[in-house]
Amino acid sequence: MLLSFLRERLRLTGSKYGCGGGGCGACTVMVSRYQPHTKTIIHHSANACLLPLCQLHGAAVTTVEGIGSTKTRIHPVQERIAKAHGSQCGFCTPGMVMSMYALLRNKPQPSMEDITQALAGNLCRCTGYRPIVDGCRTFCQEANCCQLNGNKDCCLNRNKNTEPEQEAPQLFDKDDFLPLDPTQELIFPPELILMAQSASPQTLTFRGERMTWVSPASMEELIQLKAKHPEAPLVIGNTNIGPEIKFKGVLHPLIISPTRVMELFEVTVTEQGVWVGAGCSLSGVQSGLENVVHQIPGEKSELLRALIQQLKNLGSQQIRNMASFGGNIVSAYPNSDLNPVLAAGKCNVSVVSCRGRLEVPLNQNFFVGFGKTVLKPDEIVVSVFIPFSRKGEIVRAFRQAPRKEAALATVTTGMRVFFSEGSSVVQDLSIFYGGVGPTTVSAAKTCAAIIGRPWDEQTLTQAYDILLDELSLPPSAPGGKVEFRRLLTLSFLFKFNLEVLQKLREMKVITNELPEKMQIQPLPREIQPSLQKFQNVSKDQSDQDPVGRPIMHRSAFSQATGEAVYCDDLPTTDGELFLAVVTSTRPHAKITGLDVSEAMQLPGVVDVITHKDIPEKKVCSTCGYDEELLAEKEVSCIGQLLCAVVADTRAHAKRGAKAVKISYEDLPDLVFTVDEAIEKKSFFKPQRAIQRGNVTEAFTKVDQVYEGEIRLGGQEHFYMETQSMLVVPVGEEREFNVYASTQWPTYTQEAIAETLAIPSNRITCHVKRMGGAFGGKVTKTAILACITSVAAWKTGRAVRCVLERGEDMLITGGRHPVLGKYKVGFMDDGRIMAADIQYYSNAGCFVDESVMVIEKILLHFDNAYNIPNLRGYAAACRTNLPSNTAFRGFGVPQSMLVVENMINDVAMTLRRPADQIREINMYKGPSLTHYKMEFNPENMLCCWEKCKAKSEYDARRRAIDQFNQQSRWKKRGMAIIPIKYGIAFAEGFLNQAGALVHIYKDGSVLVTHGGTEMGQGIHTKMQQVASRELHIPSSKIYISETSTNTVPNSCPSAASFGTDANGMAVKNACQTLYKRLEPIRQKNPKGSWDSWVNDAFLEKISLSATGFYRGPDCYMNWDKGEGLPYAYFTYGVCCSEVELDCLTGDYRTVRTDIVVDIGRSVNPSVDIGQIEGAFMQGLGLYTLEELKFSPSGLLYTRGPSQYQIPAVCDVPLQFNVYLLPDSQNPHAIYSSKGIGEPILFLGSSVFFAIKDAVAAARVDSGLLGPFSLNSPVTAERACLACASPFSQKIPVCEPDSVKPWALNI
């Protein structure tokens, strides 16, 4: 593939390996080709991980390194993403840059629609996308007017006589940006133009180790090749065969690539319709059809417009640029976006073979099974005929997917109806669905029941019942979501009905108006400019002092140019080996045999590492619990590490890993779900409980008691850089250098030392930066690093281990799924007097950090509410799933969702607004938590009031109620949610940090500290601290890496405490040095920094100092139920509004306003970035991200195509962040507060806004009062909960009656 060639052969490591399947966009490059027939050059973005190198003959490839660098000149795209603070961990940034760059090469003044389309296939886990979009927005033609930017207070309307207000500080100034000059871009290589013009076509053949690639030059040659090798696949875009080879291990000895057979790329317009070449890319088909639509009457373009609509949502821009039209059709995927529309539109395919040409209709007979068509193996699709629509013909396409863009569809449909002129009697009708069977299916019986009858309510009412009988799905159908998929078939037919009625009205066939309440408009989608409000620094502050200013991330330019080095970007050393892990395929079994003989005979395989090879400690200890490095006798989950294959290349190691044979003897008593664990009392010890007041007695004195429960699914970290490490033996005295992507270098160092039985002083762990972590790079990273170090120790060679995305997701666990049960007692006036809450988390097969997670759950289950009688119990359930681990928020997002859901139920029971119930029960005045810690909630209440004011809560609430009364099928909802989040480690010994600061003779400063950079900007903030304390510009200060040989015994970068602890340590070291320089400064007060440093050296004054911070002595006594587990609280309040399509469950977050108290921000741009990124990760947790396990405990969702994280399309259309002004915090550096984790929970405001919208829909169905809605509230859950008349038609399966496709863990 192009990506491995770029990274390994050319050492161009800017293009990143994120998933290997074209799903994340981190590897995006620009491919340019010269078209001799039109004499034009076309540029398009593409996924380098799917692009075969042999297919690039005659093409120019531009990578992120090619468009600009910090050594020469950075490109305006790189500059704007960096300066707009759109790069945090930076791993996704080169891909974002290249997607935007390719767009600008084709369209130097794009619209916002163009930008969001271009970025739809690029995932980011850090930023929340808003700063990326804001940086790219500056290229828009319309970006200069406030009106077009959605600003009601346009500059044109302002009264010129008003006094100028003090200008609010901005995160960036677009006047600083380099202009975009299209004339200065790289030219297309002239030699490639000459080559294309003079080329005499000839067959190209490339031979690899196990595969041969042939690219024929003519149709005749292609036909002969296919006749000779009928089983050889045809590959043009490689978006289907590529993932098949990579993820399913399919081996094709011969691949035929007809990219130079020009007949496959021709587009011909006739009087009857359009012939489109089967080789045309999907984006080429889209633009070609759009051109045709502009040239023909509207009535003829019905089918074309339906196809264009589907093409816009099919995959990402990069995929559409590569995937071929014919390939998409003959792949015959059951949930195809195009095939139902093509079949409904009566399209044909032109097929050629050695037997001649023929036309085959694309109808129900064309698709014969999963991934199979009626075509014979040697037949080649040459082109596709798309007919023009007739007068009186209406064609529509609908789709529903787990994410609005760049996601595989759940259900798709194409529907076409034909009426004779002036009549509403149906002459012809075809309806095809995708996603409701193993193939594209025809609703032939439904169509037959409608044809010949007038299109009216009576006809359609009968049709819904026929359709439901005709398209039945078994309860255990692959893909699950059976009720939802069946419901969507009805919903889409109903939507088509409304569209047809509207069209018949326009054609004046019917006269009665459709009530406004029944009409359906598309969900809003235009991203509006947003506000980021923060406090300016004081006028007295020196211009040189960067603290409190929105300073760009110190590595942003390096990240945007692809120069930033991540673990797998390190150059290979001579003789370096690659390690691939072998994992268990059984959930609970004895290991009866481990046969490595076949693996050892494969080319390139050097060794297989098993538990016997581990020299000393065979377990890794976390929080007093042990986890085996490599299983010895027994496995407890699918994905448990068994052994590791070491080979000379990545490909050889992976092939060797597949050849290892493991035999098992299954063990009984499998436990997968929380319910099974509760039934079998399968818990890790200790379980925790805490109580305030007398709960039992309080329940006897309240007006009402309500009991409920809520389930929260887990969450995958999905850091963009997978687990990565390189272990290099130094060659003497058992010394090792370890380069790892870890949040806790010291823990990794200690674990390796114990594994190899050598002192820690022989192991140096280096961390330059991580491509995201979110809690997932602590325990599992150490285990993998130990196994890799054993391989390096045994072979005496450097060993690299980088997990594939699917392996990473399978092995490393994620956020704990939780079942929360509650009983709440309250008065009729809304006061909650008693609550008893139980939490059960699915911990998986090893303890990991699960006990600490349940402790934090109980320490936060009061959230913002002073409930006088409160009892909590929490247990970590032991199950046969991969063990879950730390994840941003560490149990708090699960804890608080249960509490907020309880409060919602109280509000619904009392028929009162939820915000009123929240307000009534909040802490007020100096208060004590349930564990007897004193705090003052004044700032929390300020955030609440300010958020209500800034979000115009009351006025919008009234507008939403009015909207919901006037709309039947779309509802709006709004919710406002507070948070009180404890900062610091409850384990007091972890609240410490060290730093080492060197001043060199030239005046430059090198700072090292114990914190690791994972995108949260800790190095940037440490640079600001050092700049203030040493009174020098930031440009003189450098931070290279975090390493155990400079700062020993560091604590993890976690718990939102990194800046607090390391900032104080850096401050301490800098103050020591500044004080040492005081005599020099007094002698020469007018001297420069450089002269003072030089004089100090001459006077033998040490210019190196360590710094140390002894943090708060936090503790928690669980026996007494009291303690001081936190240093202080960070407060925030978030208000979100959504618009929900009740027929499909799709929603848009219309607006989000967040007010946060973070004291005095050290760096507002970094902190606002953390707030937005955490909110979007929370939005993913509560509304989108769903882990699916098979009934045998295998994780189904092992990559971005099965597991959707938020993308650009999920950003609130208006996303406003306000930092609470005039806030002080005496407990942290410069009066700031920790911010990394708290805001994630506020993503739940979208969950509760959706629940609010669903409640409005339920009212229309006559349903009032509390109802169950679990998290994540996916489109499926929201749609079913709306309880529309259609959902009530769907028979519900009893959970115990069938074996489900996926477990509810």
# chains A, B, ... in the order shown; residues from 1 in each chain; ligands from 1

call {"tool": "select_by_dssp", "arguments": {"residues": "segment 1011-1247 of chain A", "states": "helix (DSSP H, G or I)", "output": "PDB file with C-alpha atoms, in the first residue's frame"}}
result
ATOM      1  CA  ILE A1018       0.702  20.359  29.196  1.00  0.00           C
ATOM      2  CA  HIS A1019       4.054  21.177  27.540  1.00  0.00           C
ATOM      3  CA  THR A1020       2.615  24.460  26.256  1.00  0.00           C
ATOM      4  CA  LYS A1021       1.455  25.406  29.742  1.00  0.00           C
ATOM      5  CA  MET A1022       4.782  24.391  31.317  1.00  0.00           C
ATOM      6  CA  GLN A1023       6.532  26.626  28.792  1.00  0.00           C
ATOM      7  CA  GLN A1024       4.243  29.483  29.892  1.00  0.00           C
ATOM      8  CA  VAL A1025       5.019  28.803  33.578  1.00  0.00           C
ATOM      9  CA  ALA A1026       8.769  28.809  32.931  1.00  0.00           C
ATOM     10  CA  SER A1027       8.474  31.977  30.841  1.00  0.00           C
ATOM     11  CA  ARG A1028       6.704  33.821  33.666  1.00  0.00           C
ATOM     12  CA  GLU A1029       9.014  32.609  36.432  1.00  0.00           C
ATOM     13  CA  LEU A1030      12.262  33.215  34.550  1.00  0.00           C
ATOM     14  CA  SER A1034       8.651  31.493  25.548  1.00  0.00           C
ATOM     15  CA  SER A1035      10.808  31.279  22.419  1.00  0.00           C
ATOM     16  CA  LYS A1036      13.860  30.699  24.635  1.00  0.00           C
ATOM     17  CA  GLY A1058      -1.173  17.321  35.315  1.00  0.00           C
ATOM     18  CA  THR A1059      -0.897  21.110  35.108  1.00  0.00           C
ATOM     19  CA  ASP A1060      -1.573  21.564  38.837  1.00  0.00           C
ATOM     20  CA  ALA A1061       1.233  19.223  39.899  1.00  0.00           C
ATOM     21  CA  ASN A1062       3.856  19.647  37.177  1.00  0.00           C
ATOM     22  CA  GLY A1063       3.224  23.378  36.903  1.00  0.00           C
ATOM     23  CA  MET A1064       4.126  23.816  40.562  1.00  0.00           C
ATOM     24  CA  ALA A1065       7.247  21.647  40.142  1.00  0.00           C
ATOM     25  CA  VAL A1066       8.412  23.676  37.115  1.00  0.00           C
ATOM     26  CA  LYS A1067       7.623  26.878  39.001  1.00  0.00           C
ATOM     27  CA  ASN A1068       9.675  25.649  41.958  1.00  0.00           C
ATOM     28  CA  ALA A1069      12.713  24.807  39.780  1.00  0.00           C
ATOM     29  CA  CYS A1070      12.521  28.115  37.884  1.00  0.00           C
ATOM     30  CA  GLN A1071      12.204  30.151  41.079  1.00  0.00           C
ATOM     31  CA  THR A1072      15.310  28.374  42.441  1.00  0.00           C
ATOM     32  CA  LEU A1073      17.261  29.309  39.317  1.00  0.00           C
ATOM     33  CA  TYR A1074      15.963  32.880  39.206  1.00  0.00           C
ATOM     34  CA  LYS A1075      16.950  33.326  42.827  1.00  0.00           C
ATOM     35  CA  ARG A1076      20.459  32.006  42.068  1.00  0.00           C
ATOM     36  CA  GLU A1078      19.750  37.460  41.732  1.00  0.00           C
ATOM     37  CA  PRO A1079      23.336  38.529  42.708  1.00  0.00           C
ATOM     38  CA  ILE A1080      24.242  38.655  39.011  1.00  0.00           C
ATOM     39  CA  ARG A1081      21.186  40.792  38.206  1.00  0.00           C
ATOM     40  CA  GLN A1082      21.959  43.142  41.081  1.00  0.00           C
ATOM     41  CA  LYS A1083      25.512  43.593  39.812  1.00  0.00           C
ATOM     42  CA  TRP A1089      19.213  37.503  30.153  1.00  0.00           C
ATOM     43  CA  ASP A1090      21.963  35.989  27.988  1.00  0.00           C
ATOM     44  CA  SER A1091      24.656  38.099  29.671  1.00  0.00           C
ATOM     45  CA  TRP A1092      23.387  37.225  33.157  1.00  0.00           C
ATOM     46  CA  VAL A1093      23.484  33.518  32.305  1.00  0.00           C
ATOM     47  CA  ASN A1094      26.995  33.756  30.914  1.00  0.00           C
ATOM     48  CA  ASP A1095      28.197  35.703  33.974  1.00  0.00           C
ATOM     49  CA  ALA A1096      26.628  33.112  36.272  1.00  0.00           C
ATOM     50  CA  PHE A1097      28.542  30.349  34.503  1.00  0.00           C
ATOM     51  CA  LEU A1098      31.802  32.273  34.890  1.00  0.00           C
ATOM     52  CA  PRO A1164      -7.690  29.915  27.384  1.00  0.00           C
ATOM     53  CA  SER A1165      -7.183  28.410  23.918  1.00  0.00           C
ATOM     54  CA  VAL A1166      -5.928  25.117  25.361  1.00  0.00           C
ATOM     55  CA  ASP A1167      -8.604  25.050  28.062  1.00  0.00           C
ATOM     56  CA  ILE A1168     -11.463  25.871  25.687  1.00  0.00           C
ATOM     57  CA  GLY A1169     -10.092  23.167  23.372  1.00  0.00           C
ATOM     58  CA  GLN A1170     -10.206  20.702  26.270  1.00  0.00           C
ATOM     59  CA  ILE A1171     -13.765  21.760  27.114  1.00  0.00           C
ATOM     60  CA  GLU A1172     -14.993  21.319  23.540  1.00  0.00           C
ATOM     61  CA  GLY A1173     -13.118  18.046  23.019  1.00  0.00           C
ATOM     62  CA  ALA A1174     -14.400  16.550  26.278  1.00  0.00           C
ATOM     63  CA  PHE A1175     -17.962  17.648  25.476  1.00  0.00           C
ATOM     64  CA  MET A1176     -17.807  15.937  22.059  1.00  0.00           C
ATOM     65  CA  GLN A1177     -16.385  12.764  23.606  1.00  0.00           C
ATOM     66  CA  GLY A1178     -19.284  12.856  26.075  1.00  0.00           C
ATOM     67  CA  LEU A1179     -21.746  13.430  23.242  1.00  0.00           C
ATOM     68  CA  GLY A1180     -20.297  10.287  21.635  1.00  0.00           C
ATOM     69  CA  LEU A1181     -20.605   8.311  24.882  1.00  0.00           C
ATOM     70  CA  TYR A1182     -24.231   9.238  25.487  1.00  0.00           C
ATOM     71  CA  THR A1183     -25.671   9.323  21.949  1.00  0.00           C
ATOM     72  CA  VAL A1208     -17.692  16.979  11.953  1.00  0.00           C
ATOM     73  CA  CYS A1209     -21.393  16.296  11.262  1.00  0.00           C
ATOM     74  CA  ASP A1210     -22.024  15.814  15.008  1.00  0.00           C
ATOM     75  CA  ILE A1229      -1.038  27.169  40.089  1.00  0.00           C
ATOM     76  CA  TYR A1230      -1.835  30.801  39.210  1.00  0.00           C
ATOM     77  CA  SER A1231      -5.383  30.308  40.526  1.00  0.00           C
ATOM     78  CA  PRO A1238     -15.002  17.337  34.038  1.00  0.00           C
ATOM     79  CA  ILE A1239     -16.772  18.572  30.908  1.00  0.00           C
ATOM     80  CA  LEU A1240     -17.114  15.119  29.344  1.00  0.00           C
ATOM     81  CA  PHE A1241     -20.186  14.502  31.496  1.00  0.00           C
ATOM     82  CA  LEU A1242     -21.852  17.647  30.130  1.00  0.00           C
ATOM     83  CA  GLY A1243     -22.257  15.795  26.822  1.00  0.00           C
ATOM     84  CA  SER A1244     -25.199  14.239  28.680  1.00  0.00           C
ATOM     85  CA  SER A1245     -27.073  17.516  28.136  1.00  0.00           C
ATOM     86  CA  VAL A1246     -27.606  16.213  24.570  1.00  0.00           C
ATOM     87  CA  PHE A1247     -28.846  12.875  25.963  1.00  0.00           C
TER      88      PHE A1247
END

call {"tool": "residues_around", "arguments": {"residues": "Val1292 of chain A", "least_positions_apart": "2", "cutoff": "10 Å", "atoms": "only C-alpha atoms", "output": "PyMOL selection string"}}
result
chain A and resi 475+482-483+1287-1290+1294-1295

call {"tool": "residues_around", "arguments": {"residues": "Leu1264 of chain A", "least_positions_apart": "3", "cutoff": "10 Å", "atoms": "only C-alpha atoms", "output": "JSON, numbers by chain"}}
result
{"A": [908, 909, 911, 1255, 1256, 1258, 1259, 1260, 1261, 1267]}

call {"tool": "write_last_selection", "arguments": {"atoms": "N, CA, C and O atoms", "output": "PDB file, in the first residue's frame"}}
result
ATOM      1  N   MET A 908     -40.608  14.350  35.805  1.00  0.00           N
ATOM      2  CA  MET A 908     -41.696  13.826  34.963  1.00  0.00           C
ATOM      3  C   MET A 908     -42.850  13.309  35.816  1.00  0.00           C
ATOM      4  O   MET A 908     -44.019  13.430  35.443  1.00  0.00           O
ATOM      5  N   THR A 909     -42.504  12.730  36.966  1.00  0.00           N
ATOM      6  CA  THR A 909     -43.562  12.248  37.868  1.00  0.00           C
ATOM      7  C   THR A 909     -44.401  13.420  38.383  1.00  0.00           C
ATOM      8  O   THR A 909     -45.630  13.348  38.468  1.00  0.00           O
ATOM      9  N   ARG A 911     -44.648  16.261  36.867  1.00  0.00           N
ATOM     10  CA  ARG A 911     -45.045  17.088  35.708  1.00  0.00           C
ATOM     11  C   ARG A 911     -44.518  18.516  35.839  1.00  0.00           C
ATOM     12  O   ARG A 911     -45.242  19.485  35.622  1.00  0.00           O
ATOM     13  N   ALA A1255     -39.940  12.682  24.820  1.00  0.00           N
ATOM     14  CA  ALA A1255     -41.108  12.840  25.706  1.00  0.00           C
ATOM     15  C   ALA A1255     -42.216  13.620  24.991  1.00  0.00           C
ATOM     16  O   ALA A1255     -43.401  13.282  25.117  1.00  0.00           O
ATOM     17  N   ALA A1256     -41.818  14.643  24.218  1.00  0.00           N
ATOM     18  CA  ALA A1256     -42.813  15.427  23.469  1.00  0.00           C
ATOM     19  C   ALA A1256     -43.490  14.558  22.412  1.00  0.00           C
ATOM     20  O   ALA A1256     -44.703  14.679  22.176  1.00  0.00           O
ATOM     21  N   ARG A1258     -43.890  11.311  22.627  1.00  0.00           N
ATOM     22  CA  ARG A1258     -44.727  10.338  23.337  1.00  0.00           C
ATOM     23  C   ARG A1258     -46.070  10.950  23.745  1.00  0.00           C
ATOM     24  O   ARG A1258     -47.089  10.259  23.786  1.00  0.00           O
ATOM     25  N   VAL A1259     -46.040  12.247  24.041  1.00  0.00           N
ATOM     26  CA  VAL A1259     -47.301  12.933  24.386  1.00  0.00           C
ATOM     27  C   VAL A1259     -48.288  12.818  23.228  1.00  0.00           C
ATOM     28  O   VAL A1259     -49.482  12.574  23.421  1.00  0.00           O
ATOM     29  N   ASP A1260     -47.781  12.958  21.986  1.00  0.00           N
ATOM     30  CA  ASP A1260     -48.654  12.842  20.810  1.00  0.00           C
ATOM     31  C   ASP A1260     -49.230  11.441  20.669  1.00  0.00           C
ATOM     32  O   ASP A1260     -50.250  11.248  20.009  1.00  0.00           O
ATOM     33  N   SER A1261     -48.543  10.448  21.260  1.00  0.00           N
ATOM     34  CA  SER A1261     -49.058   9.071  21.242  1.00  0.00           C
ATOM     35  C   SER A1261     -49.837   8.751  22.515  1.00  0.00           C
ATOM     36  O   SER A1261     -50.159   7.585  22.770  1.00  0.00           O
ATOM     37  N   PHE A1267     -40.180   7.333  31.543  1.00  0.00           N
ATOM     38  CA  PHE A1267     -40.016   6.178  30.655  1.00  0.00           C
ATOM     39  C   PHE A1267     -38.547   5.821  30.608  1.00  0.00           C
ATOM     40  O   PHE A1267     -37.685   6.634  30.929  1.00  0.00           O
TER      41      PHE A1267
END

call {"tool": "atom_distance", "arguments": {"atom1": "atom CA of Phe989 of chain A", "atom2": "atom CA of Thr748 of chain A"}}
result
18.0 Å

call {"tool": "residues_around", "arguments": {"residues": "Tyr706 of chain A", "least_positions_apart": "6", "cutoff": "8 Å", "atoms": "only C-alpha atoms", "output": "list in words"}}
result
Lys823, Val824, Gly825 and Val906 of chain A

call {"tool": "atom_distance", "arguments": {"atom1": "atom CA of Thr779 of chain A", "atom2": "atom CA of Trp1118 of chain A"}}
result
24.7 Å

call {"tool": "closest_residue", "arguments": {"among": "A:Lys701, A:Arg586, A:Lys1188, A:Lys1120", "to": "Tyr664 of chain A", "atoms": "only C-alpha atoms"}}
result
A:Arg586

call {"tool": "atom_distance", "arguments": {"atom1": "atom CA of Gly1111 of chain A", "atom2": "atom CA of Ser1161 of chain A"}}
result
19.6 Å

call {"tool": "closest_residue", "arguments": {"among": "A:Gly796, A:Pro745, A:Gly813, A:Gly452", "to": "Lys780 of chain A", "atoms": "only C-alpha atoms"}}
result
A:Gly813

call {"tool": "closest_residue", "arguments": {"among": "A:Leu119, A:Val214, A:Ala82, A:Ala46", "to": "Ala323 of chain A", "atoms": "only C-alpha atoms"}}
result
A:Ala46

call {"tool": "residues_around", "arguments": {"residues": "Met1116 of chain A", "least_positions_apart": "5", "cutoff": "12 Å", "atoms": "only C-alpha atoms", "output": "number ranges by chain"}}
result
A: 688, 690, 852, 855-856, 858-859, 930-933, 985-988, 1121-1126

call {"tool": "write_last_selection", "arguments": {"atoms": "N, CA and C atoms", "output": "mmCIF file, in the first residue's frame"}}
result
data_model
loop_
_atom_site.group_PDB
_atom_site.id
_atom_site.type_symbol
_atom_site.label_atom_id
_atom_site.label_comp_id
_atom_site.auth_asym_id
_atom_site.auth_seq_id
_atom_site.Cartn_x
_atom_site.Cartn_y
_atom_site.Cartn_z
ATOM 1 N N ARG A 688 -18.013 -1.255 47.524
ATOM 2 C CA ARG A 688 -18.010 -0.033 48.332
ATOM 3 C C ARG A 688 -19.434 0.454 48.626
ATOM 4 N N ILE A 690 -21.548 3.871 50.903
ATOM 5 C CA ILE A 690 -21.427 5.127 51.654
ATOM 6 C C ILE A 690 -22.829 5.637 51.953
ATOM 7 N N MET A 852 -10.981 1.349 41.886
ATOM 8 C CA MET A 852 -10.833 2.801 42.018
ATOM 9 C C MET A 852 -11.941 3.538 41.257
ATOM 10 N N GLU A 855 -15.066 3.503 43.320
ATOM 11 C CA GLU A 855 -14.923 4.450 44.430
ATOM 12 C C GLU A 855 -15.224 5.870 43.958
ATOM 13 N N LYS A 856 -14.703 6.214 42.795
ATOM 14 C CA LYS A 856 -14.953 7.569 42.283
ATOM 15 C C LYS A 856 -16.425 7.750 41.912
ATOM 16 N N LEU A 858 -18.905 6.574 43.580
ATOM 17 C CA LEU A 858 -19.619 6.896 44.826
ATOM 18 C C LEU A 858 -19.235 8.266 45.373
ATOM 19 N N LEU A 859 -18.028 8.728 45.077
ATOM 20 C CA LEU A 859 -17.621 10.049 45.575
ATOM 21 C C LEU A 859 -18.299 11.179 44.792
ATOM 22 N N HIS A 930 -21.341 14.366 50.937
ATOM 23 C CA HIS A 930 -21.767 13.171 51.687
ATOM 24 C C HIS A 930 -20.590 12.466 52.345
ATOM 25 N N TYR A 931 -19.342 12.846 51.950
ATOM 26 C CA TYR A 931 -18.170 12.279 52.636
ATOM 27 C C TYR A 931 -17.520 13.348 53.532
ATOM 28 N N LYS A 932 -18.326 14.367 53.868
ATOM 29 C CA LYS A 932 -17.969 15.375 54.883
ATOM 30 C C LYS A 932 -16.816 16.293 54.467
ATOM 31 N N MET A 933 -16.716 16.595 53.197
ATOM 32 C CA MET A 933 -15.723 17.562 52.732
ATOM 33 C C MET A 933 -16.412 18.915 52.566
ATOM 34 N N PHE A 985 -5.879 13.308 42.846
ATOM 35 C CA PHE A 985 -6.000 11.868 43.107
ATOM 36 C C PHE A 985 -6.459 11.664 44.549
ATOM 37 N N ALA A 986 -7.453 10.794 44.716
ATOM 38 C CA ALA A 986 -7.883 10.460 46.080
ATOM 39 C C ALA A 986 -6.787 9.684 46.811
ATOM 40 N N GLU A 987 -5.874 9.053 46.031
ATOM 41 C CA GLU A 987 -4.711 8.365 46.622
ATOM 42 C C GLU A 987 -3.623 9.428 46.774
ATOM 43 N N GLY A 988 -3.466 9.963 47.962
ATOM 44 C CA GLY A 988 -2.645 11.157 48.191
ATOM 45 C C GLY A 988 -1.229 11.085 47.654
ATOM 46 N N GLY A 1121 -16.566 6.331 55.984
ATOM 47 C CA GLY A 1121 -17.372 7.039 54.995
ATOM 48 C C GLY A 1121 -17.076 8.520 54.962
ATOM 49 N N GLU A 1122 -15.837 8.894 55.248
ATOM 50 C CA GLU A 1122 -15.491 10.311 55.211
ATOM 51 C C GLU A 1122 -14.040 10.486 54.768
ATOM 52 N N GLY A 1123 -13.728 11.694 54.299
ATOM 53 C CA GLY A 1123 -12.355 11.944 53.867
ATOM 54 C C GLY A 1123 -12.246 13.266 53.144
ATOM 55 N N LEU A 1124 -11.056 13.488 52.622
ATOM 56 C CA LEU A 1124 -10.767 14.699 51.842
ATOM 57 C C LEU A 1124 -10.123 14.218 50.535
ATOM 58 N N PRO A 1125 -10.931 13.598 49.635
ATOM 59 C CA PRO A 1125 -10.333 12.948 48.467
ATOM 60 C C PRO A 1125 -9.904 13.906 47.365
ATOM 61 N N TYR A 1126 -10.315 15.181 47.448
ATOM 62 C CA TYR A 1126 -9.995 16.123 46.369
ATOM 63 C C TYR A 1126 -9.456 17.433 46.921
#
